[in-house]
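Participant: Okay, so here is entry22.txt, and as you'll see once you scroll down, it has compact mmCIF, C-alpha atoms.
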```txt
# COMPACT_ATOMS: atom_id res chain seq x y z
CA MET A 1 42.93 -28.68 19.64
CA SER A 2 42.69 -31.50 17.12
CA GLN A 3 44.44 -34.73 17.90
CA ILE A 4 47.06 -35.74 15.32
CA ASN A 5 47.19 -39.41 14.38
CA GLU A 6 49.46 -41.20 11.95
CA ILE A 7 48.26 -43.29 9.03
CA LYS A 8 51.27 -45.49 8.37
CA LEU A 9 50.94 -47.63 5.30
CA SER A 10 54.30 -49.36 5.05
CA ARG A 11 54.75 -53.03 6.01
CA GLU A 12 56.45 -52.23 9.30
CA SER A 13 53.57 -50.16 10.63
CA ARG A 14 49.85 -50.28 11.25
CA GLY A 15 47.79 -50.47 8.03
CA PHE A 16 45.07 -48.16 6.84
CA SER A 17 42.49 -50.93 7.18
CA ASN A 18 42.99 -51.05 10.97
CA MET A 19 42.37 -47.33 11.25
CA ILE A 20 39.22 -47.60 9.16
CA GLY A 21 37.94 -50.35 11.43
CA ASN A 22 37.76 -47.88 14.30
CA LEU A 23 35.48 -45.46 12.49
CA ASN A 24 31.76 -45.24 13.03
CA SER A 25 29.97 -47.88 10.92
CA LYS A 26 27.32 -45.45 9.77
CA ARG A 27 29.99 -43.11 8.41
CA ILE A 28 31.63 -45.99 6.55
CA GLN A 29 28.28 -46.89 5.00
CA ARG A 30 27.91 -43.29 3.83
CA TRP A 31 31.38 -43.32 2.27
CA ASN A 32 30.71 -46.61 0.51
CA SER A 33 27.46 -45.26 -0.92
CA LEU A 34 29.23 -42.16 -2.17
CA SER A 35 32.02 -44.26 -3.68
CA ALA A 36 29.47 -46.38 -5.52
CA LEU A 37 27.75 -43.26 -6.80
CA ILE A 38 31.02 -41.78 -8.05
CA ALA A 39 31.89 -45.08 -9.72
CA LEU A 40 28.53 -45.03 -11.47
CA TRP A 41 29.08 -41.45 -12.64
CA VAL A 42 32.46 -42.14 -14.22
CA GLY A 43 31.24 -45.25 -15.98
CA LEU A 44 33.09 -47.82 -13.88
CA ILE A 45 29.91 -49.87 -13.43
CA ALA A 46 28.56 -51.31 -16.67
CA LEU A 47 24.80 -51.06 -16.96
CA PRO A 48 22.57 -52.46 -19.71
CA VAL A 49 21.53 -49.96 -22.34
CA VAL A 50 17.80 -49.34 -22.19
CA SER A 51 15.48 -47.06 -24.09
CA LEU A 52 14.05 -44.45 -21.73
CA SER A 53 10.79 -42.62 -22.19
CA GLN A 54 10.91 -38.82 -22.10
CA ASP A 55 9.50 -38.82 -18.56
CA SER A 56 12.10 -41.37 -17.43
CA GLN A 57 14.92 -39.38 -19.03
CA GLU A 58 13.75 -36.19 -17.33
CA GLN A 59 13.69 -38.05 -14.01
CA VAL A 60 17.25 -39.28 -14.56
CA GLU A 61 18.40 -35.72 -15.26
CA GLU A 62 16.59 -34.34 -12.20
CA ASN A 63 18.18 -37.02 -10.02
CA LEU A 64 21.62 -36.13 -11.36
CA ILE A 65 21.23 -32.47 -10.44
CA GLU A 66 19.88 -33.42 -7.02
CA ARG A 67 22.87 -35.67 -6.39
CA LEU A 68 25.32 -33.00 -7.50
CA GLU A 69 23.73 -30.37 -5.28
CA ALA A 70 23.72 -32.76 -2.31
CA THR A 71 27.31 -33.95 -2.72
CA ILE A 72 29.74 -32.71 -0.09
CA PRO A 73 32.93 -31.51 -1.85
CA TYR A 74 35.85 -33.79 -1.12
CA ASP A 75 39.39 -34.52 -2.22
CA GLU A 76 40.81 -37.96 -2.77
CA ILE A 77 44.17 -39.67 -2.32
CA THR A 78 45.26 -43.12 -3.41
CA VAL A 79 47.78 -44.77 -1.10
CA LYS A 80 49.78 -47.97 -0.95
CA ALA A 81 48.50 -50.38 1.70
CA ASP A 82 50.27 -53.14 3.65
CA ASP A 83 49.67 -55.90 1.10
CA ASP A 84 50.89 -53.93 -1.93
CA THR A 85 47.32 -53.06 -2.87
CA GLU A 86 46.03 -49.52 -3.14
CA GLU A 87 43.39 -47.75 -1.06
CA VAL A 88 41.36 -44.72 -2.13
CA ILE A 89 40.61 -42.33 0.74
CA GLN A 90 38.04 -39.54 0.53
CA LEU A 91 39.06 -36.45 2.48
CA GLU A 92 37.91 -33.08 3.65
CA LEU A 93 39.25 -30.48 1.23
CA LEU A 94 43.04 -30.24 1.38
CA ASP A 95 44.70 -26.90 2.04
CA PHE A 96 46.85 -26.59 -1.08
CA ALA A 97 47.88 -23.17 -2.35
CA GLY A 98 45.62 -22.06 -5.18
CA ARG A 99 43.84 -25.42 -5.04
CA LYS A 100 46.40 -26.90 -7.41
CA THR A 101 47.50 -30.52 -7.25
CA PRO A 102 51.05 -30.63 -5.83
CA GLU A 103 53.88 -32.79 -7.05
CA LEU A 104 54.22 -36.05 -5.13
CA LYS A 105 57.10 -36.11 -2.66
CA THR A 106 59.41 -38.87 -1.45
CA SER A 107 59.78 -37.69 2.15
CA GLY A 108 57.74 -36.09 4.90
CA LYS A 109 54.08 -36.42 5.81
CA LEU A 110 50.80 -34.92 4.62
CA GLU A 111 48.14 -33.91 7.14
CA ILE A 112 44.64 -35.03 6.18
CA ARG A 113 41.13 -35.07 7.62
CA LEU A 114 38.82 -37.91 6.64
CA LEU A 115 35.57 -36.98 4.92
CA GLY A 116 32.86 -36.53 7.53
CA ASN A 117 35.41 -36.43 10.36
CA PRO A 118 37.00 -32.96 10.14
CA ASP A 119 38.03 -32.70 13.80
CA ASP A 120 40.61 -35.50 13.74
CA VAL A 121 43.87 -34.89 11.90
CA TYR A 122 45.84 -37.81 10.49
CA GLU A 123 49.25 -37.97 8.87
CA VAL A 124 50.15 -40.10 5.88
CA PHE A 125 53.67 -40.59 4.54
CA TRP A 126 54.20 -38.86 1.21
CA ARG A 127 56.10 -41.93 0.00
CA ASP A 128 52.89 -43.96 0.34
CA ILE A 129 50.77 -41.59 -1.72
CA VAL A 130 50.24 -42.81 -5.28
CA LYS A 131 47.82 -40.17 -6.54
CA ILE A 132 46.01 -37.01 -5.45
CA ARG A 133 42.75 -35.85 -7.01
CA LEU A 134 41.22 -32.55 -5.97
CA TYR A 135 37.45 -32.13 -6.08
CA GLU A 136 37.76 -29.81 -9.06
CA ASP A 137 39.53 -32.56 -11.02
CA ILE A 138 37.08 -35.22 -9.82
CA MET A 139 34.16 -33.27 -11.29
CA ILE A 140 35.92 -32.82 -14.63
CA ASP A 141 36.72 -36.55 -14.66
CA GLU A 142 33.05 -37.33 -14.04
CA VAL A 143 31.92 -35.23 -17.00
CA ASN A 144 34.48 -36.99 -19.19
CA GLY A 145 33.14 -40.29 -17.90
CA TYR A 146 29.66 -39.39 -19.09
CA ILE A 147 31.05 -38.35 -22.47
CA ASP A 148 33.01 -41.60 -22.84
CA SER A 149 29.84 -43.54 -21.98
CA LEU A 150 27.90 -41.54 -24.60
CA LYS A 151 25.59 -40.20 -21.88
CA PHE A 152 25.40 -36.77 -23.43
CA ASP A 153 22.26 -35.57 -21.64
CA GLU A 154 23.93 -36.18 -18.30
CA ALA A 155 27.17 -34.57 -19.47
CA PHE A 156 25.25 -31.50 -20.65
CA ASP A 157 23.39 -31.17 -17.34
CA TYR A 158 26.67 -31.58 -15.46
CA LEU A 159 28.25 -28.80 -17.52
CA LEU A 160 25.30 -26.52 -16.75
CA PHE A 161 25.76 -27.31 -13.06
CA LEU A 162 29.47 -26.47 -13.23
CA ARG A 163 28.79 -23.21 -15.02
CA ALA A 164 26.22 -22.20 -12.39
CA GLU A 165 28.07 -23.37 -9.27
CA TYR A 166 31.77 -23.37 -10.21
CA THR A 167 32.36 -20.40 -12.48
CA ASN A 168 35.84 -20.37 -14.06
CA LEU A 169 36.60 -23.91 -12.90
CA PRO A 170 39.88 -24.96 -14.60
CA GLY A 171 39.32 -27.59 -17.26
CA THR A 172 35.69 -26.67 -17.96
CA GLU A 173 36.41 -25.15 -21.37
CA GLU A 174 38.39 -28.21 -22.44
CA VAL A 175 35.69 -30.65 -21.38
CA LEU A 176 33.01 -28.50 -23.05
CA ALA A 177 34.92 -28.74 -26.33
CA ARG A 178 35.25 -32.49 -25.86
CA TYR A 179 31.50 -32.73 -25.25
CA GLN A 180 30.69 -30.76 -28.40
CA PHE A 181 33.01 -32.89 -30.53
CA SER A 182 31.75 -36.20 -29.15
CA GLN A 183 28.07 -35.28 -29.33
CA GLY A 184 28.52 -33.98 -32.87
CA ALA A 185 30.29 -37.17 -33.92
CA ALA A 186 27.52 -39.29 -32.38
CA TRP A 187 24.84 -37.32 -34.21
CA LEU A 188 26.69 -37.83 -37.49
CA LYS A 189 26.61 -41.60 -36.95
CA GLN A 190 22.87 -41.35 -36.30
CA GLY A 191 22.26 -39.41 -39.52
CA ARG A 192 21.37 -36.22 -37.65
CA ASP A 193 23.64 -34.24 -39.94
CA LEU A 194 22.19 -30.73 -39.51
CA GLU A 195 22.27 -30.98 -35.72
CA ALA A 196 25.84 -32.26 -35.87
CA LEU A 197 26.81 -29.46 -38.24
CA SER A 198 25.41 -26.78 -35.94
CA LEU A 199 27.27 -28.12 -32.90
CA LEU A 200 30.53 -28.69 -34.76
CA GLU A 201 30.37 -25.20 -36.28
CA SER A 202 30.13 -23.80 -32.76
CA LEU A 203 33.08 -25.94 -31.69
CA HIS A 204 35.21 -24.82 -34.64
CA GLU A 205 34.27 -21.18 -34.10
CA ASN A 206 35.27 -21.21 -30.42
CA TYR A 207 38.14 -23.72 -30.56
CA PRO A 208 39.45 -23.72 -34.16
CA GLU A 209 42.61 -25.63 -33.21
CA TYR A 210 40.86 -28.26 -31.12
CA VAL A 211 42.28 -31.79 -31.37
CA PHE A 212 40.19 -34.65 -29.99
CA ASP A 213 42.06 -36.87 -27.53
CA ALA A 214 45.50 -36.25 -29.09
CA GLY A 215 44.27 -36.80 -32.65
CA PRO A 216 44.06 -37.44 -35.46
CA ASP A 217 40.50 -36.04 -35.45
CA THR A 218 40.15 -32.28 -35.04
CA ALA A 219 37.35 -29.73 -34.95
CA LYS A 220 38.10 -28.93 -38.59
CA THR A 221 38.09 -32.53 -39.86
CA LYS A 222 34.84 -33.37 -38.09
CA LEU A 223 33.22 -30.15 -39.33
CA ASN A 224 34.29 -31.08 -42.87
CA GLU A 225 32.66 -34.48 -42.41
CA ALA A 226 29.39 -32.92 -41.24
CA ALA A 227 29.42 -30.34 -44.03
CA ASP A 228 30.02 -33.05 -46.62
CA ALA A 229 27.08 -35.09 -45.29
CA VAL A 230 24.72 -32.09 -45.39
CA LEU A 231 25.88 -31.07 -48.86
CA LYS A 232 25.35 -34.58 -50.22
CA SER A 233 21.85 -34.57 -48.73
CA TYR A 234 21.01 -31.28 -50.47
CA LEU A 235 22.34 -32.53 -53.80
CA SER A 236 20.51 -35.83 -53.44
CA ASP A 237 17.26 -33.90 -52.94
CA GLN A 238 18.04 -31.70 -55.97
CA LYS A 239 18.32 -28.59 -53.78
CA ILE A 240 21.02 -27.10 -55.98
CA VAL A 241 20.59 -23.45 -55.01
CA LEU A 242 20.55 -24.31 -51.32
CA ALA A 243 23.64 -26.48 -51.78
CA ARG A 244 25.48 -23.63 -53.52
CA ARG A 245 24.60 -21.11 -50.81
CA PHE A 246 25.53 -23.60 -48.12
CA SER A 247 28.95 -24.20 -49.68
CA GLN A 248 29.63 -20.49 -50.07
CA ARG A 249 28.70 -19.80 -46.46
CA LEU A 250 30.98 -22.50 -45.08
CA ILE A 251 33.90 -21.37 -47.23
CA LYS A 252 33.41 -17.79 -46.06
CA THR A 253 32.92 -18.52 -42.35
CA HIS A 254 35.12 -21.57 -41.76
CA GLY A 255 37.24 -22.06 -44.84
CA VAL A 256 35.65 -25.47 -45.34
```
How does the structure come out when it is put into structure tokens?

Facilitator:
Amino acid sequence: MSQINEIKLSRESRGFSNMIGNLNSKRIQRWNSLSALIALWVGLIALPVVSLSQDSQEQVEENLIERLEATIPYDEITVKADDDTEEVIQLELLDFAGRKTPELKTSGKLEIRLLGNPDDVYEVFWRDIVKIRLYEDIMIDEVNGYIDSLKFDEAFDYLLFLRAEYTNLPGTEEVLARYQFSQGAAWLKQGRDLEALSLLESLHENYPEYVFDAGPDTAKTKLNEAADAVLKSYLSDQKIVLARRFSQRLIKTHGV
């Protein structure tokens, strides 16, 4: 039977740091490496922007998939420590009904098992828990981190991984729409108007009411911007017939 220990994080009790000090040093090194990797994924570590060759880019993408496949699923809680700082603890998957993040409580204790140490059960006061992130939410956050960092190749590969390994994962459709909008907007800035138009048409077709990050930009406004850029290009090149057909198609299919 598993031994139950208490992780007490208030001033009058033993701190989390003391408990960590008793863990195997090799396990701590593994956790630190994983934390650094997660930080890199979500864009917390600023790296210089470099131009990658096609071979280098393919290697980056392969390494991403390898890391995702090798990652042990984990949940995460953020707790208040003795000195009013906060500690992030990676855990074995928590047993929550329906794998939904519960509301934080003000009393009682939560039983947890530290990542890599599933046989020992610890208890942490609910009042000391600041935040809970389930693995499902962590993955969605990581994709959004790639999108925010304009690392669209990595975001795309991550989405393919989620579709293959985590079918029907909550939040996937929303982050896919966010990816399409952001990639389309980036292509517009780069003058890749036809590519942007194709992606934004797909976004508008599947999520016609989509609003990007609470607005004001929407799928419709960004599609209008792409359509306007393509139409101006056709007119500039004296492709009048093509411009007319293009306008008629967009009006018919999207009301643009």

Participant: Counting only C-alpha atoms, what are the residues of range 90-186 of chain A within 12 Å of range 208-222 of chain A, and for each of them which pair of atoms is the nearest and at what distance in Å, to one decimal? Sort the table by chain and rising number, as a tab-separated table.

Facilitator:
```
residue	atom	partner	partner_atom	distance
A:Asn144	CA	A:Asp213	CA	11.3
A:Asp148	CA	A:Asp213	CA	11.2
A:Glu173	CA	A:Tyr210	CA	11.2
A:Glu174	CA	A:Tyr210	CA	9.0
A:Val175	CA	A:Phe212	CA	10.5
A:Leu176	CA	A:Tyr210	CA	11.3
A:Ala177	CA	A:Tyr210	CA	7.6
A:Arg178	CA	A:Phe212	CA	6.8
A:Tyr179	CA	A:Phe212	CA	10.1
A:Gln180	CA	A:Ala219	CA	9.4
A:Phe181	CA	A:Ala219	CA	7.0
A:Ser182	CA	A:Phe212	CA	8.6
A:Gln183	CA	A:Lys222	CA	11.2
A:Gly184	CA	A:Lys222	CA	8.2
A:Ala185	CA	A:Lys222	CA	7.2
A:Ala186	CA	A:Lys222	CA	11.0
```

Participant: Just the residues within 8 Å of Lys131 in chain A, please, counting only C-alpha atoms, with nothing from its chain fewer than 3 positions along; format it as a CSV table (one decimal) with C-alpha atoms, in the frame of the given file.

Facilitator:
```csv
chain,number,residue,atom,x,y,z
A,77,ILE,CA,44.2,-39.7,-2.3
A,78,THR,CA,45.3,-43.1,-3.4
A,79,VAL,CA,47.8,-44.8,-1.1
A,104,LEU,CA,54.2,-36.0,-5.1
```

Participant: Could you tell me how far CA of Ile132 in chain A lies from CA of Asp83 in chain A, in Å and to one decimal?

Facilitator: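 Separating CA of Ile132 in chain A from CA of Asp83 in chain A is a distance of 20.3 Å.
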
Participant: May I have the residues at most 6 Å from (51.2, -39.2, 6.0) in the file's coordinates, counting only C-alpha atoms, as a PDB file with C-alpha atoms, keeping the file's coordinate frame?

Facilitator:
```pdb
ATOM      1  CA  ILE A   7      48.260 -43.290   9.030  1.00  0.00           C
ATOM      2  CA  LYS A 109      54.080 -36.420   5.810  1.00  0.00           C
ATOM      3  CA  LEU A 110      50.800 -34.920   4.620  1.00  0.00           C
ATOM      4  CA  GLU A 123      49.250 -37.970   8.870  1.00  0.00           C
ATOM      5  CA  VAL A 124      50.150 -40.100   5.880  1.00  0.00           C
ATOM      6  CA  PHE A 125      53.670 -40.590   4.540  1.00  0.00           C
ATOM      7  CA  TRP A 126      54.200 -38.860   1.210  1.00  0.00           C
TER       8      TRP A 126
END
```

Participant: Record the distance separating CA of Asp193 in chain A and CA of Leu242 in chain A, expressed in Å with one decimal.

Facilitator: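 So the two atoms, CA of Asp193 in chain A and CA of Leu242 in chain A, lie 15.4 Å apart.
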
Participant: Could you jot down the CA of Gln90 in chain A to CA of Asp157 in chain A separation for me, Å, one decimal place?

Facilitator: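 Straight-line distance from CA of Gln90 in chain A to CA of Asp157 in chain A works out to 24.6 Å.
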
Participant: Nearest residue to Arg67 in chain A out of A:Phe161, A:Leu199, A:Asp237, A:Gln248, using all atoms listed in the file?

Facilitator: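 Looking only at the distances to Arg67 in chain A, the closest residue turns out to be A:Phe161.
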
Participant: Identify which of the residues A:Glu142, A:His254, A:Ile65, A:Ile147 lies closest to Leu160 in chain A, counting only C-alpha atoms when measuring atom-to-atom distances.

Facilitator: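 Smallest separation from Leu160 in chain A among the options: A:Ile65.
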
Participant: Please determine, counting all atoms listed in the file, which residue among A:Ile240, A:Ile129, A:Ala70, A:Leu223 has the shortest atom-to-atom distance to Glu103 in chain A.

Facilitator: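 Of all the options, A:Ile129 lies closest to Glu103 in chain A.
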
Participant: Using all atoms listed in the file, pick whichever of A:Trp187, A:Leu169, A:Val121, A:Arg127 has the shortest atom-to-atom distance to Phe152 in chain A.

Facilitator: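 Among the listed residues, A:Trp187 lies closest to Phe152 in chain A.
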
Participant: Rank nothing, just name the residue among A:Leu68, A:Leu91, A:Ala243, A:Leu250 nearest to Tyr158 in chain A, using only C-alpha atoms.

Facilitator: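 Looking only at the distances to Tyr158 in chain A, the closest residue turns out to be A:Leu68.
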
Participant: Which one is closest to Val88 in chain A: A:Ser198, A:Thr101, A:Asp128, A:Ala229? Count all atoms listed in the file.

Facilitator: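 Ranking A:Ser198, A:Thr101, A:Asp128, A:Ala229 by distance to Val88 in chain A, first place goes to A:Asp128.
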